[in-house]
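Here's the structure, in structure tokens; my notes come after.
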Amino acid sequence: MYLYNSASHQKELFTPKDPGLVKMYTCGPTVYHYAHIGNLRTYIMEDVLEKALEYLGYPVKRVMNITDVGHLASDADTGEDKMLKGAKREHKTVMEIAQFYTDAFFRDCDKLNIKRPEIVEPATNCIAEYIHMVQVLLEKGSAYLAGGNVYFDTSTLEKYYVFNDHDEEDLAVGVREGVEEDTNKKNKNDFVLWFTKSKFEDQALKWDSPWGVGYPGWHIECSCISMKHLGEDLDIHAGGIDNAFPHHTNEIAQSESYLGHKWCRYWFHVHHLNTDTGKMSKSKGEFLTVSLLEQKGYDPMAYRLFCLQSHYRRNLVFSWENLDNAAVAYEKLIARIAALKEDGQVEQQTLEQLKKRFVGALNGDLNTSVAVTALYDVLKAKCSDATKLAALEDFDRVLSLNLLSAARALREKQAREAAESADPEIDALVAARAQAKKEKNFAEADRIRDALKARGIEIIDTPQGTKWRKV
């Protein structure tokens, strides 16, 4: 499997340190508000990556954090804590906000068939780990105390900008929202490892530390949670492209200074979901959620398909027209699958041939658009329906579009509708008309058709026979 590694800026053959277990870490949500569909694009693609690895034979242990403290309004360690901001907005405690939006996040994940990681750790569970890492960094000379806060000293690094091929807009994330200069810093790129009460007197969550009562910086939590559950060597770290700088850059800086060796082998970044006005974000008020899509009548699987139709390293443009196109494509796909008969034998050799293009798409830097095309190749293939159904079920282990279950539900719905519309008298008249046509008694056939039309019944002649419906 070849994956694009954001740290080396090229596609690389994926080789985990231990082939018996892929260690994967994904940045989780800051649970101060609902996740918008732009956030969820990243989680969908991370889900596909995990399932693709498992499909290809790699066991995966995946860990994700829940940020319930320390993430400030600006990624550059300034502004109000996002959790406190949410608590003030809704007149609740920070922990009430955290629990409510954590639950909401996982409900959205369930709707989108995003698998819950094996380990999910709230940031507030690991205070002792943060304090220990900060102490070690201070002892090594990689950090310093200033103005009551502990800062990481980026001047101690040989290289700080690891992801330096990103767009200027991405690199400017750390200085958005009117960031003011922190005069405690020795260098402009230094970042906070631990805040004390000298920083924000109204901070809701505080803990004792060797440097005073305070709370951790946002960046340190992912390093410590990853090491707590996955050890000192990480195979894949995934997240949105907007986290590459400064968040992931700072994670690398503090982790490798703490460990004294390379920390993560591959960095997997999912690009933005844009609107016609730019990147979707909560701060811009473009707040589209899965629940809102459902309220407008969209199946969450239509949004998942919409995301899968584009490569994860390309910005994806959202519009209602584009989503409508994905919804129509999903409905037609399910209808075609529903028309397949669950009979015949699986032709094993043909099945393996059908799987080749799908596997090739996964191996080619997780090319989900080609993987989706492979579904249509199956439907067009000259083989038994049983073979097609086996291939579709196999592919859906990764794509998770509910292909067979949605098709089964559609067939059941069609059967119910047919049963509800059954009428022996009309069926008899339709049969009599068919017999009249067979005997070339067209006058009688037309008389029956006109009589049915007068009763609001439309006759539809098809190659499979005559059908009728109420109009």
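Residue names in the structure tokens use chain letters A, B, ... in the order shown, residue numbers from 1 in each chain, and ligand numbers from 1 in the order shown.
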Which polymer residues have any atom within 12 Å of an atom of Ile426 of chain A, counting only C-alpha atoms, with same-chain residues fewer than 5 positions away left out, as a tab-separated table (two decimals) with N, CA and C atoms, in the first residue's frame?
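Saved result, around18.tsv, follows:
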```
chain	number	residue	atom	x	y	z
A	421	SER	N	-51.02	-2.33	-2.75
A	421	SER	CA	-51.73	-1.90	-3.96
A	421	SER	C	-52.40	-3.07	-4.69
A	431	ALA	N	-55.42	-9.10	-16.64
A	431	ALA	CA	-55.17	-10.40	-17.26
A	431	ALA	C	-56.09	-10.61	-18.46
A	432	ALA	N	-57.36	-10.16	-18.32
A	432	ALA	CA	-58.32	-10.29	-19.43
A	432	ALA	C	-57.86	-9.45	-20.62
A	433	ARG	N	-57.34	-8.26	-20.35
A	433	ARG	CA	-56.85	-7.41	-21.43
A	433	ARG	C	-55.66	-8.08	-22.13
A	448	ILE	N	-61.19	-2.48	-22.12
A	448	ILE	CA	-60.77	-2.74	-20.74
A	448	ILE	C	-59.80	-1.65	-20.25
A	449	ARG	N	-58.86	-1.26	-21.16
A	449	ARG	CA	-57.91	-0.20	-20.78
A	449	ARG	C	-58.64	1.08	-20.44
A	451	ALA	N	-61.74	1.43	-19.47
A	451	ALA	CA	-62.53	1.25	-18.25
A	451	ALA	C	-61.64	1.41	-17.01
A	452	LEU	N	-60.45	0.85	-17.10
A	452	LEU	CA	-59.51	0.99	-15.97
A	452	LEU	C	-59.06	2.44	-15.81
A	453	LYS	N	-58.82	3.11	-16.94
A	453	LYS	CA	-58.40	4.50	-16.89
A	453	LYS	C	-59.46	5.37	-16.22
A	455	ARG	N	-61.27	4.51	-13.90
A	455	ARG	CA	-61.21	4.25	-12.45
A	455	ARG	C	-59.89	4.74	-11.84
A	456	GLY	N	-59.10	5.45	-12.66
A	456	GLY	CA	-57.85	5.99	-12.14
A	456	GLY	C	-56.71	5.00	-12.13
A	457	ILE	N	-56.80	4.00	-13.03
A	457	ILE	CA	-55.76	2.97	-13.10
A	457	ILE	C	-54.99	3.12	-14.42
A	458	GLU	N	-53.66	3.25	-14.31
A	458	GLU	CA	-52.82	3.35	-15.50
A	458	GLU	C	-52.20	2.00	-15.80
A	459	ILE	N	-52.28	1.59	-17.08
A	459	ILE	CA	-51.70	0.33	-17.54
A	459	ILE	C	-50.30	0.61	-18.10
A	466	THR	N	-47.31	-6.91	-18.09
A	466	THR	CA	-48.11	-5.72	-17.88
A	466	THR	C	-48.24	-5.42	-16.39
A	467	LYS	N	-48.04	-4.13	-16.05
A	467	LYS	CA	-48.18	-3.69	-14.65
A	467	LYS	C	-49.21	-2.58	-14.61
A	468	TRP	N	-49.69	-2.28	-13.39
A	468	TRP	CA	-50.64	-1.17	-13.26
A	468	TRP	C	-50.36	-0.39	-12.00
A	469	ARG	N	-50.81	0.87	-12.03
A	469	ARG	CA	-50.64	1.70	-10.83
A	469	ARG	C	-51.80	2.71	-10.78
A	470	LYS	N	-52.05	3.16	-9.57
A	470	LYS	CA	-53.09	4.18	-9.39
A	470	LYS	C	-52.49	5.54	-9.68
```
Considering only C-alpha atoms, state which residue in the set A:Glu232, A:Glu12, A:Glu321, A:Glu129 is at the smallest distance from Leu259 of chain A. A:Glu232
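Reported to one decimal place, the separation of atom CA of Ala35 of chain A from atom CA of Tyr330 of chain A is 23.5 Å.
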Atom CA of Met227 of chain A to atom CA of Ser255 of chain A, distance in Å rounded to a single decimal: 9.0 Å
Run DSSP on the backbone and tell me which residues of segment 75-263 of chain A come out as alpha helix (DSSP H); list them as a ChimeraX atom specification. /A:82-90,94-111,127-139,168-171,218-230,249-259
Considering only strand (DSSP E) as DSSP defines it on the backbone, what residues of segment 81-272 of chain A qualify? List them as a ChimeraX atom specification. /A:81,119-122,143-146,149-152,191-196,214-216,234-240,264-270
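A straight line drawn from atom CA of Arg357 of chain A to atom CA of Leu375 of chain A is 9.8 Å long.
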Tell me which protein, DNA and RNA residues are within 7 Å of segment 57-60 of chain A, counting only C-alpha atoms, leaving out same-chain ones fewer than 5 positions away, and put them as a ChimeraX atom specification. /A:19-24,50
Write the residues of the preceding selection, restricted to C-alpha atoms, as a PDB file, in the first residue's frame.
```pdb
ATOM      1  CA  PRO A  19       3.526  -5.775  10.624  1.00  0.00           C
ATOM      2  CA  GLY A  20       1.494  -7.523  13.309  1.00  0.00           C
ATOM      3  CA  LEU A  21      -0.025  -4.277  14.591  1.00  0.00           C
ATOM      4  CA  VAL A  22      -0.466  -0.866  12.968  1.00  0.00           C
ATOM      5  CA  LYS A  23      -0.454   1.874  15.597  1.00  0.00           C
ATOM      6  CA  MET A  24      -2.702   4.702  14.449  1.00  0.00           C
ATOM      7  CA  GLU A  50      -8.440   2.178   9.136  1.00  0.00           C
TER       8      GLU A  50
END
```
Long-range neighbours of Tyr266 of chain A as a CSV table (one decimal) with N, CA and C atoms, in the first residue's frame, 9 Å cut-off, only C-alpha atoms, 6 positions minimum in chain:
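The result, stored in out.csv:
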```csv
chain,number,residue,atom,x,y,z
A,3,LEU,N,1.0,5.3,0.5
A,3,LEU,CA,0.3,6.4,1.1
A,3,LEU,C,1.2,7.7,1.0
A,4,TYR,N,0.5,8.8,0.8
A,4,TYR,CA,1.2,10.1,0.8
A,4,TYR,C,1.6,10.5,2.2
A,5,ASN,N,2.9,10.7,2.4
A,5,ASN,CA,3.4,11.1,3.8
A,5,ASN,C,3.6,12.6,3.8
A,6,SER,N,2.8,13.3,4.5
A,6,SER,CA,2.9,14.7,4.6
A,6,SER,C,4.3,15.2,5.1
A,7,ALA,N,5.0,14.4,5.8
A,7,ALA,CA,6.3,14.8,6.4
A,7,ALA,C,7.4,14.7,5.3
A,8,SER,N,7.3,13.7,4.4
A,8,SER,CA,8.3,13.6,3.4
A,8,SER,C,7.9,14.2,2.1
A,12,GLU,N,4.8,7.0,-0.2
A,12,GLU,CA,5.7,6.0,0.2
A,12,GLU,C,5.0,4.6,0.4
A,14,PHE,N,3.8,1.8,2.4
A,14,PHE,CA,3.5,1.8,3.8
A,14,PHE,C,4.1,0.5,4.5
A,234,LEU,N,5.0,5.5,16.7
A,234,LEU,CA,3.7,5.6,16.1
A,234,LEU,C,3.8,5.4,14.6
A,235,ASP,N,2.9,4.6,14.0
A,235,ASP,CA,2.9,4.3,12.6
A,235,ASP,C,2.3,5.4,11.8
A,236,ILE,N,1.0,5.7,12.1
A,236,ILE,CA,0.3,6.7,11.4
A,236,ILE,C,-0.4,7.7,12.3
A,237,HIS,N,-0.2,9.0,12.0
A,237,HIS,CA,-0.9,10.1,12.7
A,237,HIS,C,-1.8,10.7,11.7
A,238,ALA,N,-3.1,10.8,11.9
A,238,ALA,CA,-4.0,11.4,10.9
A,238,ALA,C,-4.8,12.6,11.5
```
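Residues within 10 Å of Asp208 of chain A, counting only C-alpha atoms and excluding same-chain residues fewer than 2 positions away, are Ile127, Ala128, Ile131, Thr196, Lys206, Pro210, Trp211, Gly212, Val213, Gly214 and Tyr215 of chain A.
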When you look at Ala244 of chain A with a cut-off of 10 Å (counting only C-alpha atoms), what residues show up, excluding the ones that are within fewer than 4 positions of it in the same chain? I need them as a PyMOL selection string. chain A and resi 6-7+161-164+166+170-171+173+238-240+248-251+267-270
Cut-off 12 Å: closest segment 322-358 of chain A/segment 290-300 of chain A atom pairs per residue, using only C-alpha atoms, as a Markdown table:
```
| residue | atom | partner | partner_atom | distance |
| --- | --- | --- | --- | --- |
| A:Leu323 | CA | A:Tyr298 | CA | 8.6 |
| A:Asp324 | CA | A:Tyr298 | CA | 8.5 |
| A:Asn325 | CA | A:Tyr298 | CA | 11.3 |
| A:Ala326 | CA | A:Tyr298 | CA | 10.0 |
| A:Ala327 | CA | A:Tyr298 | CA | 7.1 |
| A:Val328 | CA | A:Tyr298 | CA | 10.2 |
| A:Ala329 | CA | A:Asp299 | CA | 11.9 |
| A:Tyr330 | CA | A:Asp299 | CA | 9.2 |
| A:Glu331 | CA | A:Asp299 | CA | 9.6 |
```
Could the residues in this selection be written to a file with N, CA and C atoms, as a compact mmCIF listing (two decimals), in the first residue's frame?
```
# COMPACT_ATOMS: atom_id res chain seq x y z
N LEU A 323 -24.43 17.87 -3.49
CA LEU A 323 -24.98 16.86 -2.59
C LEU A 323 -26.19 16.17 -3.22
N ASP A 324 -27.02 16.95 -3.92
CA ASP A 324 -28.17 16.35 -4.64
C ASP A 324 -27.69 15.30 -5.64
N ASN A 325 -26.62 15.61 -6.36
CA ASN A 325 -26.09 14.67 -7.34
C ASN A 325 -25.63 13.38 -6.65
N ALA A 326 -24.99 13.53 -5.49
CA ALA A 326 -24.54 12.35 -4.75
C ALA A 326 -25.73 11.55 -4.23
N ALA A 327 -26.77 12.25 -3.79
CA ALA A 327 -27.97 11.57 -3.28
C ALA A 327 -28.66 10.77 -4.38
N VAL A 328 -28.76 11.35 -5.57
CA VAL A 328 -29.37 10.66 -6.71
C VAL A 328 -28.52 9.44 -7.10
N ALA A 329 -27.20 9.64 -7.11
CA ALA A 329 -26.29 8.53 -7.46
C ALA A 329 -26.42 7.40 -6.46
N TYR A 330 -26.57 7.74 -5.18
CA TYR A 330 -26.70 6.70 -4.16
C TYR A 330 -28.02 5.94 -4.32
N GLU A 331 -29.10 6.67 -4.57
CA GLU A 331 -30.41 6.02 -4.76
C GLU A 331 -30.39 5.08 -5.96
```
Excluding Lys413 of chain A and any residue of its chain fewer than 6 positions from it, enumerate the residues within 12 Å of it, using only C-alpha atoms, and give them as an MDAnalysis selection string. chainID A and resid 335 338 406:407 419:420
Could the residues in this selection be written to a file with N, CA and C atoms, as a PDB file, in the first residue's frame?
```
ATOM      1  N   ALA A 335     -30.785   1.016  -5.974  1.00  0.00           N
ATOM      2  CA  ALA A 335     -31.852   0.414  -6.796  1.00  0.00           C
ATOM      3  C   ALA A 335     -31.290  -0.679  -7.702  1.00  0.00           C
ATOM      4  N   ALA A 338     -30.568  -3.636  -5.564  1.00  0.00           N
ATOM      5  CA  ALA A 338     -31.829  -4.274  -5.146  1.00  0.00           C
ATOM      6  C   ALA A 338     -32.401  -5.160  -6.247  1.00  0.00           C
ATOM      7  N   ALA A 406     -29.232  -1.592   2.589  1.00  0.00           N
ATOM      8  CA  ALA A 406     -30.118  -0.594   1.985  1.00  0.00           C
ATOM      9  C   ALA A 406     -30.883  -1.196   0.810  1.00  0.00           C
ATOM     10  N   ALA A 407     -30.215  -2.048   0.033  1.00  0.00           N
ATOM     11  CA  ALA A 407     -30.890  -2.712  -1.088  1.00  0.00           C
ATOM     12  C   ALA A 407     -31.986  -3.647  -0.576  1.00  0.00           C
ATOM     13  N   ALA A 419     -47.952  -5.146  -2.164  1.00  0.00           N
ATOM     14  CA  ALA A 419     -49.017  -5.841  -1.425  1.00  0.00           C
ATOM     15  C   ALA A 419     -50.165  -4.896  -1.093  1.00  0.00           C
ATOM     16  N   GLU A 420     -49.772  -3.655  -0.723  1.00  0.00           N
ATOM     17  CA  GLU A 420     -50.804  -2.673  -0.362  1.00  0.00           C
ATOM     18  C   GLU A 420     -51.635  -2.265  -1.574  1.00  0.00           C
TER      19      GLU A 420
END
```
I'd like a table as CSV: residues in segment 203-284 of chain A with an atom no more than 9 Å from segment 136-139 of chain A, each row giving the shortest atom pair and its distance in Å to one decimal, only C-alpha atoms counted, sorted by chain and rising residue number.
```
residue,atom,partner,partner_atom,distance
A:Gln254,CA,A:Leu137,CA,7.7
A:Ser257,CA,A:Leu137,CA,7.1
A:Tyr258,CA,A:Leu137,CA,5.9
```
Mind dumping the selected residues with C-alpha atoms as a PDB file, in the first residue's frame?
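Full text of out.pdb as output:
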```pdb
ATOM      1  CA  GLN A 254       7.728  18.138  21.832  1.00  0.00           C
ATOM      2  CA  SER A 257      12.538  16.213  22.051  1.00  0.00           C
ATOM      3  CA  TYR A 258      11.012  14.183  24.894  1.00  0.00           C
TER       4      TYR A 258
END
```
